[in-house]
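Each remark here refers to the structure printed beneath this line.
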Amino acid sequence: MRPDNIVVVAKREYLQRVKTKGFWISTLLLPLFIVAVTVLPALLIGMSETRQTIVVVDETGRLGAELAQRANSRDGKPKPDADKRGMAVDESQMARFDVRVEPPAANRETQRADLNRRVLAEEIDAWVWIPKSVLQGDRVEYHAKNTSNLFTQDALEDDLSYVVRRARLAEAGLDPERVGELTRQVRLDTQQVSEEGSRAGGGVGGMLFAITLFMILYTMMFVWGQQVMNSVLEEKGSRVIEVILSSIKPFELLMGKLVGTCLAGLTQLGIWLGTMIVLTAPGIAAAMVSLPKELNIPSLTPEMAIHLLLFFILGFFAFSTLYAAIGSAFNNLQEAQQAASFAMLFLIIPVFIMYSVINDPGSTMAVVMSLIPVFTPLLMPLRIVTQMPPYWQILLAYLFSLAFIWGMVWFCARIYRVGILMYGKKPTFQEILRWVRYA
Amino acid sequence: MTPPLELRDVRKSYGDFVAVDGVSLTVPPGSIYGFLGPNGAGKTSTIRMIMDITAPDSGEVRFFGHPRTSEDLRRVGYLPEERGLYRKMTVTEQLTFLGEIRGLKKRDLLPRIERWLERVDLAKWAKSKVEELSKGMQQKVQLIGTVLHEPELLILDEPFSGLDPINQELFRELLVEHRRQGRSVIFSTHGMDLAERMCDHICLINRGRVVLEGELQQIKRRVGGNTYRLVAEGDLDRLKDLPDVEQAVANNGVVKLMLRPDATGPETLRRIVEFLNVHEFRSEEPELEQIFIKAVRDAS
């Protein structure tokens with residue numbers, strides 16, 4: 001074996017991938033997406049000064065003013081006495097109103113027709129008719145050109161419910177302030193317990209955090225494995241393989257291909273994890289106003305990131321070697337796809353048990369599954385970002401994975417060596433296994 | 001001088017099918033060596049074993065007077081029968097890669113690549129992706145990729161198949177130039193005309209076995225002392241029925257006749273004039289095609 005050959009091949013693979021526009025688009029898109037869903041809404045709230053002008057016709061004569069006062073004072077923050085409190089990002093918080101109260105006219109039909117005309121002329125955005133029966137019933141008419149602005153309607157509904165409920169309570173002889181006080185909701189204040197003592201985190205935020213990182217790793221292994229398979233198929237299909245094999249051994253070509261592609265994947269993952277380390281650093285996460293306090297996104301520590309990168313390397317080598325063998329055995333993508341979906345099974349099983357691992361990362365099932373080499377590259381990182389497992393388990397996972405990769409490379413390289421020069425009929429599974437036994 | 005390539009009793013079977021059945025040959029230095037045979041004779045199988053792409057079941061491949069090493073393969077320029085390039089790479093990237101896998105450094109390669117592209121009129125395509133090139137241009141790039149590392153031995157598998165006339169001339173020129181520098185060229189072909197024009201040594205292979213090997217002129221003298229050129233009118237098909245005639249290949253009224261070794265020219269001519277109006281009948285050197293047909297018939 002000549003290491004210099006592996007270097008030449010790896011260099012080609014790396015540069016050919018990293019030089020494409022697609023690589024940089026997908027690499028930069030994810031951080032942009034994360035920024036978009038976290039930082040951007042906060043900025044948008046500040047910018048969205050477009051108020052909804054709504055005319056309220058109040059038959060009861062006493063709710064309109066209170067509704068206008070409450071709705072017009074919306075400022076993007078949840079009110080302490082609101083019905084709903086931001087679970088995740090609640091877009092209805094972004095609604096702004098300019099509510100004007102108008103008394104009901106003698107001729108209702110004329111008034112309604114006139115209000116409709118004003119909506120069509122875009123003088124106002126909507127009009128609301130509060131009937132006398134509102135305290136007994138639960139219906140209020142809403143007329144607008146745009147009826148699909150659910151968040152705005154949601155906000156208006158909230159405010160209406162608030163004033164109607166207060167009126168009903170007052171009518172029943174109860175003090176609305178006192179009732180509000182007594183029926184206040186109780187919230188869990190989540191604290192994650194770890195070696196370093198309790199820290200804020202976990203809950204929905206912790207789960208989102210773990211799922212995001214898990215899905216990134218999953219997608220990476222899947223996408224980059226496919227890339228390796230396609231590149232093997234390309235070399236075979238274009239027949240460039242034979243010139244290369246006259247100077248390079250199949251094993252050197254395979255290794256160079258894996259190393260080069262892996263480095264391209266690491267470049268991408270490194271950029272992503274770097275972005276996440278910065279974005280989830282304690283000070284910065286707090287500054288992201290759009291994230292409700294309850295979300296508690298945990299920080300991605302550099303230590304976690306290093307484990308993620310290492311497990312990506314292990315997972316990549318385990319799966320991509322298999323993908324390379326599959327690519328070599330078949331003549332085109334259609335033929336290879338079927339076998340490739342079989343390989344994908346090992347990546348999909350961890351997705352199924354993802355939630356139970358997040359829920360109880362220390363359970364016997366989670367520990368055992370995360371130590372089975374085909375699942376380790378996805379499940380061990382998931383445990384690490386959910387709750388740092390004991391070091392001996394992480395170490396064991398690395399050792400098992402390395403042994404597994406050694407076996408995979410041995411097995412797949414033998415298929416690859418024969419497969420890349422086999423043209424013609426689609427081979428059967430038995431035939432492919434026979435190649436492994438060739439001297 | 002040591003021969004650049006020797007095969008000693010090389011064998012290869014695929015399952016029950018014997019592709020190469022004990023091939024031995026010696027390529028002399030400074031020669032253009034034709035590796036001839038019909039389709040399926042075992043030419044490509046043999047060449048793949050020479051290049052260590054597949055391993056022989058038994059036998060030995062020797063380069064430059066010693067058993068083959070991986071270092072030797074870097075001194076060889078190889079153009080396979082099924083040839084391709086990376087579609088998404090530019091011409092320069094592609095050629096740099098092909099040079100680097102033969103152990104050359106990028107900085108030494110770039111000026112060479114430039115010179116070659118200049119020579120074959122591809123200079124302005126240097127930065128284009130291979131997929132943007134015409135088939136003829138891709139063939140030129142493949143040829144440059146084969147000779148870029150200045151190999152001491154060229155091994156070309158069916159190099160002339162699918163070439164346009166301009167590229168054929170370019171390839172031919174390069175092979176002759178290579179020989180002039182004292183290096184050897186081995187190329188396989190099933191086209192006898194071409195081999196006849198270019199080769200000084202040949203190896204004829206059929207069903208995995210060598211049927212003839214040696215210097216072309218010697219082979220011609222040895223095998224075909226009994227060939228004649230006949231120009232005549234009449235029913236030329238009847239020539240084949242004469243007992244003395246081994247082969248009769250007619251083309252535009254000109255017949256290449258190969259007689260049995262014990263037959264004589266004048267005797268045969270007497271029989272021919274009985275049914276043909278003969279204009280010309282004279283002794284001639286045999287053509288490679290005739291030798292080939294005879295050798296294959298004799299062997300089977």
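Going by the structure tokens order, chains are called A, B, ..., each with residues numbered from 1, while ligands are numbered from 1 in the order shown.
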
Problem set entry | Residue hits in chain B, query chain A, radius 6 Å, only C-alpha atoms, as a PyMOL selection string | chain B and resi 51+83-85

For this session: Go through segment 70-172 of chain A and collect every residue that DSSP, computed from the backbone, puts in alpha helix (DSSP H); the answer should be as a ChimeraX atom specification.
Result: /A:70-72,108-120,150-171

Write out the residues from the selection above, keeping N, CA and C atoms, as a compact mmCIF listing (two decimals), in the first residue's frame.
```
# COMPACT_ATOMS: atom_id res chain seq x y z
N ARG A 70 -57.15 47.21 25.77
CA ARG A 70 -56.27 46.04 25.90
C ARG A 70 -55.58 45.72 24.58
N ALA A 71 -56.36 45.70 23.49
CA ALA A 71 -55.80 45.32 22.20
C ALA A 71 -54.78 46.34 21.72
N ASN A 72 -55.05 47.62 21.93
CA ASN A 72 -54.14 48.65 21.42
C ASN A 72 -52.83 48.71 22.18
N ARG A 108 -79.26 48.90 11.28
CA ARG A 108 -78.11 47.98 11.34
C ARG A 108 -77.65 47.58 9.95
N GLU A 109 -78.62 47.32 9.08
CA GLU A 109 -78.27 46.85 7.73
C GLU A 109 -77.42 47.88 7.01
N THR A 110 -77.82 49.14 7.08
CA THR A 110 -77.07 50.21 6.44
C THR A 110 -75.67 50.28 7.04
N GLN A 111 -75.60 50.17 8.38
CA GLN A 111 -74.30 50.26 9.04
C GLN A 111 -73.38 49.12 8.61
N ARG A 112 -73.93 47.93 8.52
CA ARG A 112 -73.12 46.77 8.11
C ARG A 112 -72.65 46.94 6.67
N ALA A 113 -73.55 47.39 5.80
CA ALA A 113 -73.17 47.60 4.41
C ALA A 113 -72.07 48.66 4.32
N ASP A 114 -72.21 49.71 5.14
CA ASP A 114 -71.23 50.78 5.12
C ASP A 114 -69.86 50.26 5.59
N LEU A 115 -69.87 49.41 6.66
CA LEU A 115 -68.61 48.84 7.17
C LEU A 115 -67.95 47.97 6.10
N ASN A 116 -68.76 47.17 5.41
CA ASN A 116 -68.20 46.33 4.33
C ASN A 116 -67.56 47.20 3.25
N ARG A 117 -68.23 48.32 2.93
CA ARG A 117 -67.69 49.22 1.91
C ARG A 117 -66.33 49.74 2.36
N ARG A 118 -66.23 50.11 3.65
CA ARG A 118 -64.96 50.64 4.16
C ARG A 118 -63.85 49.57 4.13
N VAL A 119 -64.24 48.32 4.37
CA VAL A 119 -63.24 47.23 4.27
C VAL A 119 -62.75 47.11 2.84
N LEU A 120 -63.72 47.11 1.90
CA LEU A 120 -63.34 46.97 0.48
C LEU A 120 -62.50 48.15 0.01
N LEU A 150 -54.55 33.97 10.74
CA LEU A 150 -54.98 33.27 11.95
C LEU A 150 -54.35 33.84 13.21
N PHE A 151 -53.10 34.26 13.11
CA PHE A 151 -52.43 34.74 14.33
C PHE A 151 -53.08 36.03 14.84
N THR A 152 -53.45 36.89 13.88
CA THR A 152 -54.11 38.13 14.27
C THR A 152 -55.46 37.82 14.91
N GLN A 153 -56.21 36.92 14.27
CA GLN A 153 -57.52 36.56 14.82
C GLN A 153 -57.37 35.92 16.19
N ASP A 154 -56.32 35.11 16.31
CA ASP A 154 -56.04 34.44 17.58
C ASP A 154 -55.84 35.48 18.68
N ALA A 155 -55.04 36.50 18.36
CA ALA A 155 -54.75 37.55 19.34
C ALA A 155 -56.02 38.30 19.71
N LEU A 156 -56.84 38.61 18.69
CA LEU A 156 -58.06 39.35 18.95
C LEU A 156 -59.01 38.51 19.80
N GLU A 157 -59.05 37.22 19.48
CA GLU A 157 -59.89 36.29 20.24
C GLU A 157 -59.47 36.27 21.71
N ASP A 158 -58.16 36.22 21.91
CA ASP A 158 -57.62 36.26 23.28
C ASP A 158 -58.13 37.48 24.03
N ASP A 159 -57.99 38.63 23.39
CA ASP A 159 -58.36 39.87 24.05
C ASP A 159 -59.86 39.94 24.30
N LEU A 160 -60.65 39.49 23.31
CA LEU A 160 -62.10 39.47 23.48
C LEU A 160 -62.50 38.58 24.65
N SER A 161 -61.93 37.37 24.67
CA SER A 161 -62.25 36.42 25.74
C SER A 161 -61.95 37.05 27.09
N TYR A 162 -60.80 37.77 27.13
CA TYR A 162 -60.38 38.37 28.40
C TYR A 162 -61.42 39.36 28.91
N VAL A 163 -61.86 40.27 28.02
CA VAL A 163 -62.81 41.28 28.50
C VAL A 163 -64.18 40.67 28.76
N VAL A 164 -64.61 39.72 27.93
CA VAL A 164 -65.91 39.09 28.14
C VAL A 164 -65.92 38.32 29.45
N ARG A 165 -64.80 37.62 29.70
CA ARG A 165 -64.74 36.83 30.94
C ARG A 165 -64.84 37.74 32.17
N ARG A 166 -64.13 38.87 32.10
CA ARG A 166 -64.17 39.82 33.23
C ARG A 166 -65.60 40.33 33.44
N ALA A 167 -66.27 40.60 32.31
CA ALA A 167 -67.65 41.10 32.43
C ALA A 167 -68.56 40.04 33.04
N ARG A 168 -68.36 38.79 32.60
CA ARG A 168 -69.19 37.70 33.14
C ARG A 168 -68.94 37.53 34.63
N LEU A 169 -67.66 37.58 35.03
CA LEU A 169 -67.32 37.42 36.44
C LEU A 169 -67.97 38.53 37.27
N ALA A 170 -67.87 39.77 36.76
CA ALA A 170 -68.44 40.91 37.47
C ALA A 170 -69.94 40.73 37.62
N GLU A 171 -70.56 40.25 36.53
CA GLU A 171 -72.01 40.03 36.57
C GLU A 171 -72.38 38.99 37.62
```

For this session: Just the residues within 8 Å of Ser356 of chain A, please, counting only C-alpha atoms, with nothing from its chain fewer than 4 positions along; format it as a PyMOL selection string.
Result: chain A and resi 360-361+366

For this session: With a distance cut-off of 7 Å and only C-alpha atoms, select the neighbouring residues of segment 332-342 of chain A, excluding the residue or stretch itself and same-chain residues fewer than 5 positions from it, and output the selection as a list in words.
Result: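 So the residues in contact are Leu233, Tyr323, Ile326 and Gly327 of chain A.
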
Problem set entry | Top pick for closest residue to Val278 of chain B, considering B:Asp72, B:Lys124, B:Val223, B:Asp235 and counting only C-alpha atoms |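 Checking each of B:Asp72, B:Lys124, B:Val223, B:Asp235 against Val278 of chain B, counting only C-alpha atoms, the winner is B:Asp235.
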
Exercise. Which is closer to Gly103 of chain B than all the others in B:His66, B:Lys140, B:Arg221, B:His149, using only C-alpha atoms?
Worked result: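 Checking each candidate against Gly103 of chain B, we get B:His149 as the closest.
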
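Distances here use only C-alpha atoms; by that measure, the residue among B:Arg87, B:Arg260, B:Lys127, B:Arg183 closest to Thr2 of chain B is B:Arg183.
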
For this session: Please give the complete set of residues from segment 104-342 of chain A that DSSP, run on the backbone, assigns to strand (DSSP E), formatted as a VMD selection string.
Result: chain A and resid 126 to 130 141 to 144 191 to 192 199 to 200
